[in-house]
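Student: Following this message is one structure expressed as structure tokens.
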Amino acid sequence: MGYSLNFSVVWRNFDKLWGGLVLSLELAVVSLAIGVVIGLVLAVVHVSGGRFTRMAIAVYVEAFRNTPLILLVYLVFYGLPQVVDLRYDATTSFVATLSVYAGAYLVEVFRSGLEAIPRGQIDAGRAIGLTPAQRLFHVRLPAMIRITLPALSNTFISLFKDTSVASVIAVPELTWGAQWINLNTFRIVEAYLMATAMYLATGYVMLFSLRLVERRFRVGRNA
Amino acid sequence: MLDAMIYALPFLLEGLWITVVVSILTVSISLVAGLALGCALVYGPLPLRLLVRIFSDTIRGIPILVLIFFVYYGFPAIGIDFDSFWAAVTALTLFKTAQVIEYVRGAVASIPRGQSEAAMAIGLTFSERLVSVIFPQALRRFLPPWINGVTDAVKGSALVSLLGVTDLMYAINQVIGRTYEAMPLYVLGAVIYFVINFSLSTLSRRLERRFSFVQA
């Protein structure tokens with residue numbers, strides 16, 4: 001054995017980990033935002049659309065939910081530029097991948113949220129003379145957001161963890177930072193201990209603050 | 001494009017075999033460990049419950065990728081030495097075990113209190129209550145999410161390629177390294193993973209519908 005921990009090199013290169021953590025969070029936030037847009041649009045289309053559109057959305061959802069994220073990351077970064085004439089850097093490529101991946105999960109979340117809205121609320125909206133668009137924006141979407149908030153925060157936290165996969169295409173996020181320290185100092189145990197602690201701490205801070213937000217907006221508070 | 005796929009197929013099938021082996025090992029070991037620890041979490045004494053809770057929350061808070069690297073590079077430093085294959089299986093199993101613990105907890109918690117109170121009232125012992133009252137009902141709650149979680153294990157197993165384990169993902173990258181035709185190979189790989197996981201999630205959904213008569 002004879003391995004003794006020495007964190008000094010980790011502290012000396014802490015900027016790599018800290019910058020990585022910040023980038024991880026940014027990747028998660030941006031992907032969640034784009035994913036929410038994709039998910040919302042497709043969920044509304046799904047609920048009101050015909051047989052064919054439902055089919056198409058189901059194909060998208062199942063395709064992305066049943067394929068490993070790492071494969072999708074490779075496919076978009078190394079595969080796609082071979083067939084379409086597009087140039088993009090690794091970070092853009094990863095954000096695009098994770099957004100579409102997140103969208104596939106969020107469609108289902110929002111769709112079940114829309115279906116869980118009590119019928120009476122929509123009928124009430126109709127009774128007071130709201131147009132379909134008004135019913136969507138003033139009745140169904142606000143109600144749905146409240147219902148889906150817990151699922152949304154869980155998705156956010158798993159996206160944050162999924163950003164670690166970006167290291168395979170050298171996006172300098174937290175896992176990549178740990179790898180960098182390992183490659184340059186060989187202090188691998190310390191680097192990964194520190195990265196792990198940072199993932200855990202950030203994850204739990206996110207979890208507790210999101211639970212506070214959820215409590216504030218809980219369904220039935222006076223709905 | 002088709003040529004590249006046909007050329008690659010034998011290599012991919014070899015990789016697929018490793019993916020299947022890793023997945024089966026992960027799923028079966030974690031099932032046993034998760035059931036035991038899950039019961040410990042629900043029925044164990046307080047210190048044990050606390051330990052299991054900490055284990056589960058910690059493991060589930062770490063990205064699988066980091067866990068894999070951690071086990072592979074970190075464990076040898078504390079004297080536990082294993083090759084990349086077993087390091088990968090260990091890491092994935094740890095992660096899956098934490099998930100199974102939560103499935104067990106959720107399934108047992110979904111059984112109404114009245115059930116075990118009624119069993120107590122007719123004089124069943126603790127183990128009789130578990131075996132003939134709680135577990136048969138909890139199984140229906142446990143099975144659908146667990147089978148659905150098997151798809152997570154198969155998807156997660158793609159990460160072991162980063163340790164140099166020649167699974168399906170690794171085989172795909174190896175062939176691409178030789179042919180430089182990335183797109184057809186990644187698409188083919190995605191299709192293979194999809195077929196496996198989609199069958200599993202369809203099975204899970206079917207079971208869920210089949211068991212949906214059980215009301216919590």
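Every chain in the structure tokens has a letter given in the order shown (A, B, ...), and although residue numbers restart at 1 in each chain, ligands are simply numbered from 1 in the order shown.
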Give me, as a Markdown table, the closest atom pair and its distance (Å, one decimal) for every residue of chain A within a cut-off of 9 Å of chain B, counting only C-alpha atoms, rows sorted by chain and rising number.
Tutor:
```
| residue | atom | partner | partner_atom | distance |
| --- | --- | --- | --- | --- |
| A:Met1 | CA | B:Gly79 | CA | 5.8 |
| A:Gly2 | CA | B:Ala77 | CA | 8.2 |
| A:Tyr3 | CA | B:Ala77 | CA | 6.0 |
| A:Ser4 | CA | B:Ala77 | CA | 8.7 |
| A:Glu62 | CA | B:Phe198 | CA | 7.3 |
| A:Ala63 | CA | B:Phe194 | CA | 6.7 |
| A:Phe64 | CA | B:Phe194 | CA | 8.6 |
| A:Arg65 | CA | B:Phe194 | CA | 8.5 |
| A:Asn66 | CA | B:Phe194 | CA | 5.1 |
| A:Thr67 | CA | B:Phe194 | CA | 5.5 |
| A:Pro68 | CA | B:Lys155 | CA | 4.4 |
| A:Leu69 | CA | B:Lys155 | CA | 7.5 |
| A:Ile70 | CA | B:Leu159 | CA | 7.0 |
| A:Leu71 | CA | B:Tyr186 | CA | 7.0 |
| A:Leu72 | CA | B:Ala190 | CA | 7.9 |
| A:Tyr74 | CA | B:Tyr186 | CA | 7.7 |
| A:Leu75 | CA | B:Tyr186 | CA | 5.7 |
| A:Val76 | CA | B:Met183 | CA | 8.9 |
| A:Tyr78 | CA | B:Ala182 | CA | 6.5 |
| A:Gly79 | CA | B:Met183 | CA | 4.1 |
| A:Leu80 | CA | B:Met183 | CA | 6.4 |
| A:Pro81 | CA | B:Met183 | CA | 8.7 |
| A:Gln82 | CA | B:Met183 | CA | 6.8 |
| A:Val83 | CA | B:Met183 | CA | 7.4 |
| A:Ile157 | CA | B:Gly61 | CA | 8.9 |
| A:Ser158 | CA | B:Pro63 | CA | 8.4 |
| A:Phe160 | CA | B:Pro63 | CA | 8.6 |
| A:Lys161 | CA | B:Pro63 | CA | 4.8 |
| A:Asp162 | CA | B:Pro63 | CA | 6.6 |
| A:Thr163 | CA | B:Pro63 | CA | 8.5 |
| A:Ser164 | CA | B:Pro63 | CA | 6.7 |
| A:Val165 | CA | B:Leu65 | CA | 6.9 |
| A:Val168 | CA | B:Leu162 | CA | 8.2 |
| A:Thr175 | CA | B:Val66 | CA | 6.8 |
| A:Ile188 | CA | B:Tyr73 | CA | 6.8 |
| A:Val189 | CA | B:Gly74 | CA | 5.0 |
| A:Glu190 | CA | B:Gly74 | CA | 8.6 |
| A:Tyr192 | CA | B:Phe70 | CA | 6.1 |
| A:Leu193 | CA | B:Phe70 | CA | 7.7 |
| A:Ala195 | CA | B:Val66 | CA | 8.2 |
| A:Thr196 | CA | B:Ile62 | CA | 6.4 |
| A:Ala197 | CA | B:Ile62 | CA | 8.6 |
| A:Tyr199 | CA | B:Ile62 | CA | 6.2 |
| A:Leu200 | CA | B:Gly61 | CA | 5.4 |
| A:Ala201 | CA | B:Gly61 | CA | 8.8 |
| A:Gly203 | CA | B:Gly61 | CA | 6.5 |
| A:Tyr204 | CA | B:Gly61 | CA | 7.8 |
```
Student: Excluding Phe142 in chain B and residues on its chain fewer than 2 positions from it, collect all residues at most 12 Å away from it, counting only C-alpha atoms, and give them as a PyMOL selection string.
Tutor: chain B and resi 31+34-35+38+99-111+134-140+144-149+204+207-208+211
Student: Name the residues in contact with His138 in chain A at a cut-off of 10 Å, using only C-alpha atoms, excluding same-chain residues fewer than 6 positions from it; report them as a ChimeraX atom specification.
Tutor: /A:125,130,132
Student: Produce a file of the selected residues containing N, CA and C atoms, as a CSV table (one decimal), in the first residue's frame.
Tutor:
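part18.csv written:
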```
chain,number,residue,atom,x,y,z
A,125,GLY,N,-62.5,27.4,-17.2
A,125,GLY,CA,-61.9,28.4,-18.1
A,125,GLY,C,-62.8,28.6,-19.3
A,130,LEU,N,-62.8,32.0,-21.9
A,130,LEU,CA,-61.5,32.1,-22.4
A,130,LEU,C,-61.3,31.4,-23.7
A,132,PRO,N,-59.1,29.2,-26.5
A,132,PRO,CA,-58.2,28.0,-26.3
A,132,PRO,C,-56.8,28.5,-25.9
```
Student: One decimal, Å: what's the distance from CA of Ser132 in chain B over to CA of Leu51 in chain B, could you say?
Tutor: 27.9 Å
Student: Give the answer as one residue: which of A:Gly177, A:Pro172, A:Gly49, A:Pro118 has the shortest atom-to-atom distance to Glu26 in chain A, using only C-alpha atoms?
Tutor: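 Ranking A:Gly177, A:Pro172, A:Gly49, A:Pro118 by distance to Glu26 in chain A, first place goes to A:Pro172.
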